[in-house]
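Undergrad: Sharing a structure below in structure tokens format, with a few things to ask.
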Amino acid sequence: ACTPRDTDNADVDGEDIEIVDAQPAGTEPVDEVTWAIVEGEPATLNPAASANLIIPNLCDNLLSLQPGFSIEPGVAERAEFVDPVTFVITLRDDVTFWDGSPVTADDVVYSLQQNTNPASQWYGAFALIDPDPATGIVATGPNEVTVRFVAPDSTFRDALAGQGGAVMQKAFGEANGDAVGTPDAGLMCTGPFELQDGGWTPGSEIVTIANEDYWNGAPLVGTMTYTFVSDGSTLATALTQGEIDGAINVSPGSRAVFQGDGAGSLTIGHSTASYSFGPASATSAAANPKIRQALNLAIDRDQYLETVVNGLGYVQKTIVPEFSFQSMEASGIYQEGYDALAAPELDLEAATALVEESGEDVSRPLVVAVPAGAKEFQQTAAIIQSAGKQIGLDIRIDEMQASDFGALFYDPSKREGVDFVATQGYLETPGVLGYPSLFMLPPEMGGIFNWSGYENPEVTEHLLAARNATDPETAAREFTAAQEIFAPDMLQVTLAGTYQLTYLNDELSGVTTSIAAYSSPWALHLGGK
Amino acid sequence: MSVAQIANGTVPAAARRVARRDPTFLVAVIAFGVISMVALAGPWLAPYDPNELYVGSLNGAPSLEHPFGTDDLGRDILSRVLVGAAASVFAPAVVVVLSTILGVGLALAAAWFGGWVSGGIARLVDVIFAIPGLVIAVLAVTIFGKGLAAPVIALAIAYIPIIARLTRTAAARELAKPYIAALRVQGVSSPAICFRHLVPAMIPIVAAQMAVGFGYAMLDLAAISFLGLGQQPPAPDWGSMIAVGQAGILAGAPEQSVFPAIFVVITVLAVGIIGARVTDWAEEKER
Amino acid sequence: MTAPVLEVSGLDILAPSPEGPRRLVSDTTLSVVRGEAVGLVGESGSGKTLTLRAVAGLLPDGFTTQGTIRIDGQDLGGMTATALRALRARRIGMVFQTPRAHLNPLRTIGDFMTEALVHVAGERPDVAATRARHLLDEVGITDPDRRMRQYPAELSGGLLQRVMIAATLAMDPDILLADEITTALDVTTQEEVMAVLADLRAHRDLSLLFVTHDLALAGTVCDRVNVMQRGRILETLRAGSMRRNAREEYTKVLMSASLDEAPPLEPATESPRPLVTIEHLRKTYQVRGATGRRETLVAVDDLSIELPPGGSLGIVGESGSGKSTTARMLLGLERPDRGTIVVDGQDWSRPARGSADRRVRAKIAQMVFQDPYQSLDRRQTVRQCLAEAVRVHRPRQSAEVVDGRVRELMRQVRLDEGLAASRPRALSGGQRQRVAIARALAADPALLVLDEAVSALDVTTQVEILTLLDTIRRETGVALLMITHDLTVIRRLCDEVVVMRHGRIEERGTAAQILDAPTAEYTRLLLDSIPREGWTPRRRLGRTQSLPTVTRSTASIPE
Amino acid sequence: MNALTRTVLGRLGGMLLTLILASMVIYSAVLLTGDPIAALAGGAKPTPELVEQIRAEYHLDDPVWSRYWQWLTGAIQGDFGRSFVYKTPVVSLVGPRFGITLQLVLLTVLLILVFGVGSGILAATRGRVVDRTIAAMTSLGMALPTFVVAILLIWIFAKSLGWFPVYGEGEGVWDRLWHLVLPAISLAVLFIAYISRVTRGSLVAQLHSEHVDTARVRGIPRRRIFGVHVFRNASPQILAIAGTTIAGLFAASAIAEVAFGLGGIGSLLVQAAARADLPVVQIVSLLLVTIFVVLNAVADLISSIIDPSSVGGGRTS
Ligand SMILES: Nc1ncnc2c1ncn2[C@@H]1O[C@H](COP(=O)(O)OP(=O)(O)OP(=O)(O)O)[C@@H](O)[C@H]1O
Ligand SMILES: Nc1ncnc2c1ncn2[C@@H]1O[C@H](COP(=O)(O)OP(=O)(O)OP(=O)(O)O)[C@@H](O)[C@H]1O
Ligand SMILES: [Mg+2]
Ligand SMILES: [Mg+2]
């Protein structure tokens with residue numbers, strides 16, 4: 001298949017940014033490509049346990065996510081609800097694992113069942129499946145899998161385009177158990193590149209080689225080697241010197257370097273990623289919407305964009321980004337709902353007034369937690385702090401070690417003494433309900449990040465209705481109704497939406513440069529120009 | 001105007017002699033003096049609020065309004081360097097003073113009591129010596145919480161072995177000298193011998209080590225605050241400024257790293273030179 | 001008359017200083033002809049060592065010289081560095097005061113002996129080794145094979161000094177420069193070394209330039225003697241007739257000082273209770289032997305002495321015989337293994353426990369240590385030092401009273417009051433020793449222990465101090481315990497004497513008995529070894545065995 | 001038993017004791033500072049059941065000392081545990097990275113010895129001008145933080161001149177060496193300056209010692225005096241300090257490894273600490289401590305072999 005060149009223009013602060021979600025496919029075979037993984041070495045390559053940029057090239061998902069965020073058939077020829085609570089997946093018959101064995105319905109059942117474990121990243125999307133293994137996910141034919149639900153679920157299909165739908169070999173998985181995806185055991189998937197025994201040298205690199213029998217055509221790159229460079233300036237030098245061929249998610253801070261003279265160039269693609277901060281406690285002033293609205297009014301978004309992402313971002317009105325519904329069926333309704341929301345404005349007087357109105361005791365400093373060592377977050381924290389100061393809020397910054405910061409999200413004791421948490425998040429698949437469910441629903445209904453104890457029955461009702469809707473339009477209307485209410489409550493104060501930044505050597509082309517790279521084999525078309 | 005000229009005009013004869021004989025030393029003393037003054041008076045000297053964002057453009061080049069330029073948040077780098085001097089200079093000073101008190105205390109105890117006390121202290125010092133400073137730093141953070149206190153205490157502990165070993169050797173050598181026996185025979189009490197004779201005898205050698213330790217502490221604290229364990233933002237501190245500004249060097253906006261780095265290097269250099277001279281004097285006296 | 005081997009004329013030695021070169025030695029002229037021994041004597045700091053080092057090319061960095069030095073008629077001034085080195089290597093041998101410091105501690109004696117032969121003369125190693133063995137034998141070292149394999153730390157000072165001499169002989173030098181080579185040795189060893197030198201001179205026609213501050217020694221060893229003071233040579237005298245021919249005032253003082261013998265003091269009246277009673281005292285040390293194994297060294301063994309109030313007892317004996325150890329135990333600086341010490345009716349067998357106990361003892365017994373410089377805190381001025389000693393016993397006195405007492409003490413030891421603000425560095429050896437004595441007297445003790453209080457001083461100063469002690473004893477009635485290996489000191493100050501050897505008492509008696517009619521063989525040997533007019537050093541076989549040597553550096557730190 | 005054997009055994013005993021004590025401190029310190037549950041849950045939100053399961057599986061409810069004992073006995077038998085994050089045996093994580101750190105450290109040591117000791121020798125022997133120049137350079141060297149040097153090197157040699165690669169470890173002997181040059185230099189600068197000073201100091205002390213005077217007056221050739229009497233006598237002291245320095249390099253290399261994207265144990269430690277991967281942090285810390293203690297002991301031992309007078313002298317701390 002051919003990937004369309006999908007371009008678009010965005011206007012940020014008077015400068016034109018050309019947005020490219022997929023580069024033209026490469027034409028020449030290339031022996032070896034060295035790719036830098038900016039996030040550092042992954043802990044595992046198991047698609048059920050981790051999300052990183054290596055897995056999409058190794059493991060296919062059932063449905064294929066396109067650079068423009070639309071969903072096409074993939075390993076699954078068809079995957080549809082046949083009735084409100086029955087979902088049938090029909091597999092292609094020509095897909096084989098790296099070892100040559102064909103993909104069977106049993107493999108898919110095994111793969112999907114991985115996500116019914118509460119520890120899985122995708123558990124939320126699988127929550128409405130009938131918990132009885134005998135009836136929930138079953139093989140109903142050699143190439144057919146049927147999934148039964150306890151209630152209609154409008155989000156399930158989208159999840160199959162992400163790693164929730166990753167296809168793994170059952171035999172391999174059962175033989176290796178917990179070790180699947182580790183350097184020792186490796187992996188068995190169907191993707192365009194295969195991880196061989198010993199291909200992963202912990203601490204230095206992961207070597208993958210082309211899967212010549214790939215069902216969607218063999219890749220042009222013979223060997224794809226991933227290295228791990230988390231230091232921004234080292235990476236920038238290595239990329240512009242041509243020592244590393246490319247990297248996804250390079251730092252916007254090095255924009256000038258990347259756009260200057262160098263071995264390659266920077267491609268800017270659509271993303272669902274955004275910076276935001278939200279309350280971490282139900283008892284502090286941070287739990288009061290007025291305080292959050294006040295901060296929202298006190299932060300100059302243009303300055304924020306200029307400072308933190310070097311102009312490579314845009315103002316985002318609410319937590320759910322536009323790109324996430326871009327290619328959904330009822331996108332028009334979503335867009336209308338989004339457009340109707342108020343854009344954040346700078347109004348210090350109104351903000352100060354809100355703080356006073358809130359009736360909160362603002363003499364106690366509010367603590368905002370950010371991960372240590374990341375420049376973007378240091379800047380974000382400084383900007384929040386400075387904004388707070390202008391409206392009479394004393395804000396303290398707590399830079400946390402990565403592990404402590406990570407623990408904030410599931411260990412309530414770690415959140416003690418923390419009022420706000422600033423994060424960067426993204427959605428790897430289309431769909432709008434992910435964030436709202438996590439942040440606005442009551443905790444027992446899946447709102448595990450709803451730390452401020454937000455509870456609005458109307459919002460809850462609309463969100464549930466949206467999920468259980470059986471047609472896209474109802475889902476869209478229910479969602480926008482909920483959004484209209486929760487957006488002004490600022491459960492996350494959205495600071496900026498960002499772009500996906502990909503740097504690639506000028507001799508190469510063919511990379512998926514939108515956020516879809518997290519869920520699709522982005523290097524499939526990579527090759528020489 | 002040369003150093004010698006300054007010297008002739010303002011400072012007394014002894015200093016003038018030093019200036020003529022050892023201009024490097026004089027420059028070092030003056031540099032350190034100026035930096036200490038800045039550390040004390042930084043907030044009053046700073047032209048801008050060091051934490052105020054967007055007082056200039058982002059990553060602005062040096063100009064008349066902002067002689068050191070502005071950083072990635074549009075803050076005035078000169079103001080941040082001036083205000084940051086306090087933490088940057090005093091934190092290592094506290095590290096050095098603390099580790100010296102602890103180290104010298106342990107060493108004197110070991111030298112004085114000998115026997116199993118000495119053995120135990122030697123072992124303790126060995127163990128501390130063997131544990132990476134970072135582990136101690138992380139431990140200190142869990143005990144003392146974030147902020148400047150934890151890394152200062154951590155480094156103070158981590159530096160104990162160096163100073164303790166040095167002092168232990170010197171104290172043992174000093175205690176073996178006949179004048180200590182003479183003092184005992186005279187009936188001078190042990191604390192008096194220790195504090196009136198032994199401790200003063202240690203001063204030159206300890207002072208020299210303190211100067212060297214100061215430089216190391218400054219560099220180590222910088223590394224620790226880079227890891228997010230040290231001075232909490234946005235309070236300026238040279239080490240974290242260098243660390244945060246690193247990326248700017250390659251991107252063509254090196255000011256944020258370069259100016260604090262220059263100050264770090266000058267301070268460490270000045271203290272190092274002063275320390276080297278003190279060592280020289282101490283050695284001369286020993287002869 | 002043969003041509004001089006060494007000829008120094010108009011030599012000036014200048015030291016660099018911030019204020020321009022400082023002249024330390026001026027216009028020195030001397031010569032040594034073949035086979036002759038020439039002495040260079042004079043007070044401490046007069047420039048003897050510098051003169052010698054100038055000849056050997058060992059002046060410190062930055063030092064400059066004027067004048068000429070000729071060796072075998074060749075002017076050193078006009079020679080290249082290489083030629084100079086070759087000339088010095090072959091014509092000159094130099095032996096230093098402290099052999100231990102002058103031998104590389106990490107090389108064996110064998111390496112040291114053969115190094116010059118192999119690397120300067122180009123001999124084959126085995127030839128060099130054979131020759132080295134002969135040379136060691138020549139200087140009276142038994143079992144040279146074993147010695148060649150040992151390290152300097154394993155040899156005694158006397159042996160090392162002989163090794164030094166033997167090594168310098170390897171290149172058959174014309175002249176030997178000897179800088180106070182026996183000062184660190186005890187009299188018997190000194191005699192041995194001097195005898196070796198005398199032998200060599202006789203057999204080899206060796207010239208000698210001999211630096212010392214012991215006039216008696218110079219007189220017996222040398223043919224001619226140069227007297228130096230403050231960087232100048234005052235006069236040159238024939239050794240045999242120097243007492244008669246001395247013209248310079250300074251020389252005369254030097255002579256009279258060294259030869260003066262005051263009559264012994266009246267014995268103190270017998271008192272019912274002795275001040276000090278020591279019985280069956282024993283002290284051992286665990287030391288590392290030459291092979292690294294632990295050995296028990298008996299430093300003091302079954303020692304009993306008694307000292308009446310106001311009396312004075314001398315302890316003599318060779319180096320390492322246990323004299324200092326005895327004194328240190330008496331003063332509580334060391335814990336005896338066995339035996340009792342009773343002082344003024346109190347049991348002092350164990351070191352003082354607390355500060356109060358220590359203060360009580362300090363009131364009774366005080367000590368003057370062997371090395372005055374080392375026993376003073378170099379950071380304290382004379383006044384601070386004395387005031388501290390006074391305050392121990394009068395903690396609540398006003399500053400004026402303490403100051404008055406300090407002045408009184410300084411007067412007592414005849415220290416100029418102008419020196420009160422000086423630190424030890426700025427004092428001469430004699431002055432330092434006086435400070436140490438004044439400090440000891442601050443407590444008005446009943447007993448004063450003096451450990452080789454004068455042995456490191458030059459003769460003039462020695463005499464002053466001894467006279468001073470004599471006077472103090474007469475004035476205050478303090479009892480003295482004198483430790484020394486110098487018998488003239490005993491004669492001047494002691495009523496009674498014990499002779500120690502290997503930690504035991506060899507002989508005891510009144511000073512007159514011991515000095516004039518010794519019964520023990522060892523005592524006679526000691527007395528014989530003392531340089532005096534008409535004395536010739538003799539070699540005594542059987543004295544080449546190494547003494548158990550433990551250098552202070554490995555000694556444990558006092559608790 | 002001869003003196004040397006006894007010295008060796010004595011040092012060995014002391015070394016083991018230090019190691020055991022240090023391992024206790026590290027084990028408990030690491031426990032105190034990390035949250036094993038967070039790491040073990042692997043980024044997901046753990047249910048109470050999962051937490052229970054993890055607690056049971058990793059004996060998190062046992063008292064610290066009993067866990068320490070299990071850990072220590074395991075480690076002695078070669079079982080270093082499994083990484084919480086990577087779920088693989090810690091050995092397989094540490095093994096390959098250790099090689100990289102080792103190579104980096106070896107190259108750095110080479111630089112330190114050649115330039116540090118070399119410039120120290122020059123400073124001590126080549127007169128005042130050279131001495132002053134080197135003193136100035138070492139003063140500057142001691143004032144340059146490793147990460148500043150790293151940036152400067154990248155800027156000058158990699159970015160502007162393009163002479164060296166800036167990241168990764170390369171393949172094959174020469175390529176690897178090529179990749180390690182800049183990291184090694186950045187790591188070495190501070191220590192070169194330090195060792196240079198130490199070397200100069202101990203050489204000067206020896207040059208002014210009396211036994212060297214003896215050798216001079218005996219006409220021993222300059223080279224031999226320097227080699228046999230000055231340098232060799234100074235070497236125990238240089239070695240003792242160099243030993244400590246080199247031992248410390250294994251930990252100090254973290255900064256250079258991070259700056260140049262090298263996957264060594266230093267960067268592993270930093271990463272593992274950030275992810276609360278306690279078994280890895282514990283083992284790497286213990287490894288660093290062991291290397292430190294062992295290298296120090298070896299340096300001590302070599303010193304005492306060179307210097308026979310110190311044999312059996314016991315501890316000199
Ligand atoms: N390295 C030096 N620097 C400066 N002055 C020195 C140095 N060496 C010796 N002197 C000074 O030179 C003078 C003569 O010293 P020298 O060592 O020759 O005396 P000496 O006659 O050998 O005395 P002693 O009997 O104490 O050995 C002394 O005043 C001494 O202080
Ligand atoms: N602390 C110690 N440890 C081990 N051996 C010691 C110690 N102190 C003294 N000795 C040894 O004890 C013996 C007696 O020493 P002592 O100092 O009493 O001798 P001395 O008669 O005073 O000799 P000198 O005339 O050289 O001062 C010597 O062999 C000495 O090496
Ligand atoms: Mg002399
Ligand atoms: Mg003695």
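By convention here, the chains of the structure tokens are called A, B, ... in the order presented, each chain's residues are numbered starting at 1, and ligands are numbered starting at 1 in the order presented.
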Just the residues within 12 Å of Ala426 of chain C, please, counting only C-alpha atoms, with nothing from its chain fewer than 5 positions along; format it as a PyMOL selection string.
TA: chain C and resi 373+378-382+419-421+431-432
Undergrad: Those residues with C-alpha atoms, as a PDB file, in the first residue's frame please?
TA:
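Output contents, as saved in selection.pdb:
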ATOM      1  CA  TYR C 373      63.152  22.117  69.897  1.00  0.00           C
ATOM      2  CA  ARG C 378      56.583  25.670  67.859  1.00  0.00           C
ATOM      3  CA  ARG C 379      53.490  27.856  67.714  1.00  0.00           C
ATOM      4  CA  GLN C 380      53.867  29.146  71.256  1.00  0.00           C
ATOM      5  CA  THR C 381      55.994  32.077  72.305  1.00  0.00           C
ATOM      6  CA  VAL C 382      58.273  31.683  75.270  1.00  0.00           C
ATOM      7  CA  LEU C 419      63.054  36.820  74.152  1.00  0.00           C
ATOM      8  CA  ALA C 420      59.682  36.404  75.843  1.00  0.00           C
ATOM      9  CA  ALA C 421      57.808  37.071  72.628  1.00  0.00           C
ATOM     10  CA  GLN C 431      68.100  29.228  74.616  1.00  0.00           C
ATOM     11  CA  ARG C 432      65.547  26.575  73.787  1.00  0.00           C
TER      12      ARG C 432
END
Undergrad: Apply DSSP to the structure's backbone, then extract all residues of segment 470-507 of chain A labelled alpha helix (DSSP H) and return them as a list in words.
TA: Pro472, Glu473, Thr474, Ala475, Ala476, Arg477, Glu478, Phe479, Thr480, Ala481, Ala482, Gln483, Glu484, Ile485, Phe486, Ala487, Pro488 and Asp489 of chain A
Undergrad: Let me have all residues with an atom within 10 Å of ligand 1, counting only C-alpha atoms and all ligand atoms, laid out as an MDAnalysis selection string.
TA: chainID C and resid 13:17 22:25 40:54 59:63 97 179:180 211:214 228:231 428:429 456:458
Undergrad: Counting only C-alpha atoms and all ligand atoms, which protein, DNA or RNA residues come within 8 Å of ligand 4, given as number ranges by chain?
TA: C: 319-320, 322-325, 370, 451-452, 483
Undergrad: DSSP on the backbone: what in segment 303-494 of chain C comes out strand (DSSP E or B), as a PyMOL selection string?
TA: chain C and resi 303-307+312-317+338-343+346-347+365-368+447-451+479-483
